[in-house]
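Q: Structure file my_file25.cif (mmCIF, C-alpha atoms) is given on the next line.
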data_protein
loop_
_atom_site.label_atom_id
_atom_site.label_comp_id
_atom_site.auth_asym_id
_atom_site.auth_seq_id
_atom_site.Cartn_x
_atom_site.Cartn_y
_atom_site.Cartn_z
CA MET A 1 91.97 76.47 119.25
CA SER A 2 91.87 74.06 122.17
CA GLY A 3 95.44 72.89 121.63
CA TRP A 4 97.27 76.23 121.57
CA TYR A 5 97.53 76.62 125.36
CA HIS A 6 99.68 73.47 125.57
CA VAL A 7 102.63 75.50 124.17
CA ALA A 8 104.24 77.95 126.58
CA SER A 9 104.01 81.57 125.46
CA ARG A 10 107.34 83.33 125.09
CA LYS A 11 107.73 86.68 126.83
CA PHE A 12 109.46 90.02 126.42
CA CYS A 13 110.02 92.77 128.96
CA CYS A 14 109.86 90.03 131.62
CA CYS A 15 106.11 89.35 131.49
CA LEU A 16 104.47 90.45 128.22
CA PRO A 17 103.61 87.81 125.60
CA VAL A 18 105.53 88.18 122.36
CA ARG A 19 102.28 87.98 120.44
CA ILE A 20 101.20 91.31 121.93
CA GLY A 21 104.59 92.77 121.07
CA VAL A 22 104.31 91.69 117.44
CA PHE A 23 100.73 92.96 117.28
CA VAL A 24 101.62 96.44 118.58
CA LEU A 25 104.92 96.66 116.70
CA SER A 26 103.44 95.65 113.35
CA ALA A 27 100.47 98.00 113.82
CA LEU A 28 102.77 100.95 114.54
CA SER A 29 105.06 99.98 111.66
CA ALA A 30 102.15 99.80 109.23
CA PHE A 31 100.71 103.11 110.45
CA PHE A 32 103.86 105.23 110.46
CA GLY A 33 105.32 103.43 107.45
CA GLY A 34 102.16 104.12 105.50
CA ILE A 35 102.19 107.80 106.44
CA SER A 36 105.87 108.12 105.52
CA ALA A 37 105.32 106.35 102.22
CA PHE A 38 102.38 108.65 101.42
CA VAL A 39 104.45 111.79 102.13
CA VAL A 40 107.36 110.54 100.03
CA TRP A 41 105.19 109.53 97.05
CA TYR A 42 103.22 112.77 97.32
CA THR A 43 106.49 114.70 97.09
CA VAL A 44 107.60 112.58 94.13
CA VAL A 45 104.31 113.16 92.29
CA ARG A 46 104.40 116.91 92.87
CA THR A 47 108.01 117.06 91.73
CA ALA A 48 107.15 115.08 88.59
CA LYS A 49 104.28 117.49 87.92
CA TYR A 50 106.07 120.79 88.53
CA GLY A 51 109.61 119.73 87.69
CA THR A 52 112.79 119.48 89.74
CA VAL A 53 114.68 122.46 91.13
CA ASP A 54 117.32 122.17 88.41
CA SER A 55 114.84 122.26 85.53
CA ASN A 56 112.75 125.02 87.10
CA LEU A 57 115.74 127.24 87.78
CA SER A 58 116.93 126.84 84.19
CA SER A 59 113.43 127.77 83.03
CA LEU A 60 113.47 130.87 85.22
CA ASN A 61 116.79 131.95 83.73
CA ASN A 62 115.30 131.68 80.23
CA ILE A 63 112.32 133.90 81.08
CA ASN A 64 112.79 137.51 79.95
CA THR A 65 110.80 140.58 80.82
CA ASN A 66 108.52 140.20 77.80
CA THR A 67 107.49 136.66 78.74
CA THR A 68 104.08 136.22 80.30
CA ILE A 69 103.95 133.78 83.20
CA PRO A 70 100.98 131.36 83.02
CA ASP A 71 98.04 131.67 85.37
CA ASN A 72 99.29 128.82 87.51
CA GLY A 73 102.67 130.51 87.97
CA ASN A 74 102.06 131.18 91.66
CA ASP A 75 101.14 127.56 92.27
CA TRP A 76 104.22 126.47 90.36
CA GLN A 77 106.49 128.75 92.37
CA SER A 78 104.95 127.70 95.69
CA ALA A 79 105.38 124.08 94.71
CA LEU A 80 109.01 124.81 93.84
CA ASN A 81 109.57 126.31 97.27
CA SER A 82 107.74 123.56 99.14
CA VAL A 83 109.15 120.54 97.29
CA ALA A 84 112.69 121.82 96.63
CA LEU A 85 114.05 118.55 95.19
CA ASP A 86 116.91 118.42 92.75
CA LYS A 87 117.29 115.56 90.26
CA GLN A 88 119.38 113.34 92.54
CA GLN A 89 117.02 113.85 95.47
CA TYR A 90 114.07 113.08 93.21
CA TYR A 91 115.43 109.64 92.29
CA ALA A 92 116.49 109.04 95.89
CA PHE A 93 112.92 109.75 97.01
CA ILE A 94 111.63 107.18 94.52
CA VAL A 95 113.92 104.52 96.02
CA ILE A 96 112.88 105.51 99.54
CA GLY A 97 109.22 105.38 98.54
CA VAL A 98 109.60 101.85 97.19
CA ILE A 99 111.35 100.70 100.38
CA LEU A 100 108.72 102.29 102.62
CA THR A 101 105.90 100.78 100.57
CA ILE A 102 107.40 97.28 100.86
CA TYR A 103 108.01 97.83 104.57
CA THR A 104 104.39 98.91 105.09
CA LEU A 105 103.08 95.93 103.13
CA PHE A 106 105.11 93.42 105.14
CA SER A 107 104.10 95.19 108.37
CA VAL A 108 100.49 94.53 107.42
CA PHE A 109 101.47 90.88 106.89
CA GLY A 110 102.94 90.79 110.39
CA PHE A 111 99.84 92.43 111.83
CA LEU A 112 97.54 89.87 110.20
CA GLY A 113 99.88 87.06 111.19
CA SER A 114 99.76 88.10 114.84
CA ILE A 115 95.96 88.11 114.76
CA PHE A 116 95.40 84.80 112.96
CA ARG A 117 98.58 83.03 114.19
CA LYS A 118 99.96 82.64 110.67
CA ARG A 119 103.61 81.66 110.93
CA ALA A 120 104.43 82.42 107.27
CA LEU A 121 103.18 86.02 107.50
CA VAL A 122 105.04 86.72 110.75
CA ALA A 123 108.19 85.12 109.33
CA LEU A 124 108.05 87.48 106.33
CA TYR A 125 107.71 90.44 108.67
CA SER A 126 110.64 89.18 110.73
CA THR A 127 112.80 88.89 107.61
CA VAL A 128 112.08 92.49 106.63
CA LEU A 129 112.93 93.72 110.13
CA TRP A 130 116.30 91.95 110.08
CA PHE A 131 117.00 93.36 106.62
CA LEU A 132 116.20 96.90 107.78
CA LEU A 133 118.39 96.41 110.85
CA GLY A 134 121.33 95.48 108.64
CA ALA A 135 120.65 98.41 106.30
CA ASN A 136 120.39 100.88 109.19
CA LEU A 137 123.60 99.49 110.68
CA GLY A 138 125.41 100.08 107.41
CA ILE A 139 124.00 103.59 107.09
CA ALA A 140 124.93 104.45 110.68
CA VAL A 141 128.49 103.20 110.22
CA TYR A 142 128.89 105.09 106.95
CA MET A 143 127.41 108.34 108.31
CA SER A 144 129.53 108.16 111.47
CA TYR A 145 132.70 107.53 109.46
CA SER A 146 131.84 110.33 107.05
CA ALA A 147 131.13 112.78 109.88
CA ILE A 148 134.37 111.94 111.68
CA ARG A 149 136.39 112.22 108.48
CA ARG A 150 134.80 115.59 107.64
CA ARG A 151 134.89 116.98 111.16
CA ASN A 152 137.43 119.65 110.25
CA ASP A 153 135.33 120.72 107.26
CA LEU A 154 132.25 120.99 109.45
CA SER A 155 134.15 123.09 111.96
CA ALA A 156 135.48 125.36 109.19
CA GLN A 157 131.99 125.76 107.73
CA CYS A 158 130.65 126.67 111.17
CA THR A 159 133.38 129.29 111.61
CA ALA A 160 132.70 130.78 108.17
CA ASP A 161 128.96 130.99 108.80
CA ALA A 162 129.58 132.65 112.16
CA ARG A 163 131.81 135.28 110.56
CA ASN A 164 129.23 136.04 107.87
CA ASN A 165 126.45 136.50 110.43
CA GLN A 166 126.43 140.10 111.62
CA ASP A 167 124.45 139.18 114.74
CA ASN A 168 127.55 137.44 116.11
CA ILE A 169 129.70 140.56 115.93
CA ILE A 170 130.42 142.15 119.30
CA ALA A 171 132.60 145.07 120.39
CA ASP A 172 135.85 145.80 118.49
CA GLY A 173 134.67 143.64 115.59
CA GLN A 174 135.22 140.41 117.48
CA ASN A 175 133.05 137.41 116.79
CA LYS A 176 131.43 135.82 119.84
CA ILE A 177 131.52 132.39 118.17
CA THR A 178 135.15 131.32 117.95
CA SER A 179 136.72 128.52 115.94
CA ALA A 180 137.31 126.62 119.18
CA ALA A 181 133.57 126.74 119.92
CA CYS A 182 132.79 125.45 116.42
CA ASP A 183 135.32 122.65 116.84
CA ALA A 184 133.78 121.65 120.18
CA ALA A 185 130.28 121.82 118.69
CA SER A 186 131.27 119.52 115.82
CA LYS A 187 132.73 116.98 118.27
CA ILE A 188 129.62 117.06 120.45
CA GLY A 189 127.33 116.76 117.44
CA ILE A 190 129.17 113.69 116.15
CA ALA A 191 129.16 112.09 119.61
CA VAL A 192 125.41 112.70 120.00
CA TYR A 193 124.72 111.21 116.57
CA ILE A 194 126.72 108.08 117.36
CA ILE A 195 125.00 107.60 120.74
CA VAL A 196 121.53 108.08 119.24
CA SER A 197 122.37 105.69 116.39
CA VAL A 198 123.57 103.00 118.80
CA LEU A 199 120.43 103.33 120.95
CA GLN A 200 118.22 103.18 117.87
CA LEU A 201 120.00 100.05 116.61
CA LEU A 202 119.67 98.37 120.02
CA ILE A 203 115.92 99.08 120.06
CA GLN A 204 115.57 97.73 116.53
CA LEU A 205 117.56 94.63 117.51
CA TYR A 206 115.25 93.96 120.45
CA CYS A 207 112.20 94.37 118.19
CA CYS A 208 113.72 91.83 115.78
CA ILE A 209 114.28 89.42 118.67
CA ILE A 210 110.66 89.81 119.82
CA VAL A 211 109.31 88.93 116.38
CA LYS A 212 111.81 86.07 116.05
CA ARG A 213 110.61 84.63 119.37
CA TYR A 214 107.03 84.71 118.17
CA VAL A 215 108.03 82.91 114.97
CA GLU A 216 109.66 80.21 117.12
CA GLN A 217 106.52 79.98 119.26
CA LEU A 218 104.32 79.57 116.18
CA THR A 219 106.71 76.91 114.89
CA GLU A 220 106.33 74.98 118.13
CA GLU A 221 102.56 75.44 118.06
CA GLN A 222 102.46 74.10 114.52
CA GLY A 223 104.50 71.08 115.58
CA PHE A 224 102.17 70.46 118.51
CA LYS A 225 99.15 70.72 116.23
CA GLN A 226 100.65 68.10 113.91
CA HIS A 227 101.41 65.92 116.93
CA VAL A 228 97.79 66.06 118.10
CA ALA A 229 96.56 65.23 114.60
CA GLY A 230 98.98 62.30 114.43
CA ASN A 231 97.79 60.98 117.79
CA ARG A 232 94.21 61.02 116.55
CA VAL A 233 95.21 58.92 113.55
CA ALA A 234 97.16 56.57 115.81
CA LYS A 235 94.21 56.27 118.19
CA ASP A 236 91.90 55.33 115.35
CA SER A 237 94.33 52.58 114.30
CA GLY A 238 94.71 51.25 117.85
CA ALA A 239 98.13 52.77 118.62
CA TYR A 240 98.87 55.60 121.04
CA GLY A 241 101.69 58.04 120.44
CA SER A 242 103.71 59.57 123.22
CA TYR A 243 106.48 61.47 121.41
CA TYR A 244 106.05 65.18 120.70
CA PRO A 245 108.18 66.44 117.78
CA HIS A 246 109.32 70.01 118.42
CA GLN A 247 109.76 70.74 114.72
CA PRO A 248 106.69 71.11 112.48
CA LEU A 249 105.89 67.99 110.45
CA THR A 250 104.01 69.42 107.49
CA ASN A 251 103.55 66.02 105.79
CA GLN A 252 102.26 64.27 108.90
CA HIS A 253 98.89 63.41 107.38
CA GLU A 254 100.53 61.87 104.33
CA LEU A 255 103.01 59.74 106.28
CA GLY A 256 100.69 58.77 109.11
CA PRO A 257 101.63 58.98 112.81
CA TYR A 258 105.22 59.42 113.90
CA PRO A 259 106.74 55.89 113.61
CA TYR A 260 108.72 55.92 116.85
CA ALA A 261 105.55 56.72 118.77
CA GLN A 262 104.16 53.28 117.95
CA PRO A 263 104.18 50.39 120.49
CA ASP A 264 106.35 48.24 118.18
CA HIS A 265 109.16 50.79 118.44
CA SER A 266 108.88 51.45 122.16
CA PHE A 267 111.67 50.65 124.60
CA GLY A 268 111.79 46.93 125.42
CA ALA A 269 109.32 45.90 122.72
CA LYS A 270 111.73 43.33 121.27
CA VAL A 271 112.85 41.90 124.63
#
Render the structure in this file as structure tokens.
A:
Amino acid sequence: MSGWYHVASRKFCCCLPVRIGVFVLSALSAFFGGISAFVVWYTVVRTAKYGTVDSNLSSLNNINTNTTIPDNGNDWQSALNSVALDKQQYYAFIVIGVILTIYTLFSVFGFLGSIFRKRALVALYSTVLWFLLGANLGIAVYMSYSAIRRRNDLSAQCTADARNNQDNIIADGQNKITSAACDAASKIGIAVYIIVSVLQLLIQLYCCIIVKRYVEQLTEEQGFKQHVAGNRVAKDSGAYGSYYPHQPLTNQHELGPYPYAQPDHSFGAKV
């Protein structure tokens, strides 16, 4: 470990080392990703056990007054109320569970990579973060476009719900929630969603940049380590290297010291 301090540590937030950022970020990602994956898979397992909403509702419609409900009927009904997944949501939860599981696994890779300075593990974590950033960008664009396109439908639904709610009725049968208020609420809601989405994407982008900087630092550290090893070989053979390659030379031990670090290739050697 004596050679690591020769490579300057990259920073984020002006003064914090990127290694600390990757350590904290990967730990939080693994923790919350693991919890989210557990909740999703737990919901999927319970739905697979008790059935989806569609199948359970069809079963309820087929039950007549002479049918005896099993002893676990209360548990089944409570599970139906708590899970409340239809068939499409059930398969969507499976896809989400797979994504969260992969995300948690690669977060653990990033966490271990930040501890043991393993460039390959941190690079895998960085790749997943960039992939998720692109996926979230696509989702945010689609959801924003869909909300803007359906703004009139949302406003109409708000107006209909307000009319059906008796608590909104005031004197002379007037409704205190007007269509203009629903239209304004839909505009504000869409604007808030877009602003929150943009802020979330900017934060994710900065996290991706932090991890990318640490990958670059580990790359430089790996190159420096190969340079030191090459100098030791050159010293044993009577030559002294002076060139430091900034890219990692993984086959340095096989090829020997860097050729242009040898005295025969130095400036003025042939003069």
Q: Which residues come within 12 Å of A:Asn152, counting all atoms listed in the file, excluding same-chain residues fewer than 3 positions away, as a ChimeraX atom specification?
A: /A:146-149,155-159,179-180,182-187,190
Q: Would you please work out which residue, of A:Ser107, A:Thr178, A:Ser36, A:Ser9, is nearest to A:Val22 when using only C-alpha atoms?
A: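 Comparing A:Ser107, A:Thr178, A:Ser36, A:Ser9 against A:Val22, the winner is A:Ser107.
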Q: May I ask for the distance between atom CA of A:Gly134 and atom CA of A:Cys208, given in Å to one decimal place?
A: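 Going from atom CA of A:Gly134 over to atom CA of A:Cys208, I get 11.1 Å.
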Q: Could you check the closest approach to A:Tyr90 for each of A:Ser126, A:Asn136, A:Leu121, A:Trp41 and tell me which residue wins, using all atoms listed in the file?
A: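 Among the listed residues, the smallest separation from A:Tyr90 belongs to A:Trp41.
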Q: Grab the atom CA of A:Arg213 to atom CA of A:Ile99 distance for me, in Å with one decimal place.
A: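 Answer for the atom CA of A:Arg213 to atom CA of A:Ile99 separation: 24.9 Å.
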Q: For a quick check of understanding, using all atoms listed in the file, which of A:Val198, A:Leu16, A:Val40, A:Leu112 has the smallest distance to A:Ala92?
A: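 Counting all atoms listed in the file, the residue closest to A:Ala92 is A:Val40.
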Q: To one decimal in Å, tell me the separation between atom CA of A:Ala37 and atom CA of A:Phe106.
A: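 Answer for the atom CA of A:Ala37 to atom CA of A:Phe106 separation: 13.3 Å.
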Q: Given the choices A:Gly21, A:Gly97, A:Gly51, A:Gly138, which gets closest to A:Val39 if the distance is worked out from only C-alpha atoms?
A: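 Looking at the shortest contact to A:Val39, the residue is A:Gly97.
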Q: Which residue gives the smallest distance to A:Thr101 among A:Ile195, A:Ala30, A:Ala120, A:Val141, with all atoms listed in the file counted?
A: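 Among the listed residues, A:Ala30 lies closest to A:Thr101.
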Q: Starting from the displayed file, determine the output of the PyMOL selection byres ((chain A and resi 114) around 9) and express the residue list as a VMD selection string.
A: chain A and resid 19 to 20 22 to 23 26 109 to 113 115 to 119 121 to 122 214
Q: For each of A:Leu154, A:Cys15, A:Leu85, A:Val215, take the minimum atom-to-atom distance to A:Arg46, counting all atoms listed in the file, then give the residue where this is smallest.
A: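 That would be A:Leu85, the residue with the smallest distance to A:Arg46.
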Q: With 4 Å of padding per side, what axis-aligned box (centre and edge lengths, Å, one decimal) covers all the listed atoms of stretch 129-146 of chain A? Give it as AutoDock Vina command-line options.
A:
--center_x 122.8 --center_y 101.1 --center_z 108.9 --size_x 27.8 --size_y 26.4 --size_z 13.2
Q: Suppose a student applies the PyMOL selection byres ((chain A and resi 204) around 12) to this structure; what residues should they get, written as a PyMOL selection string?
A: chain A and resi 25+29+126+128-137+197-203+205-211
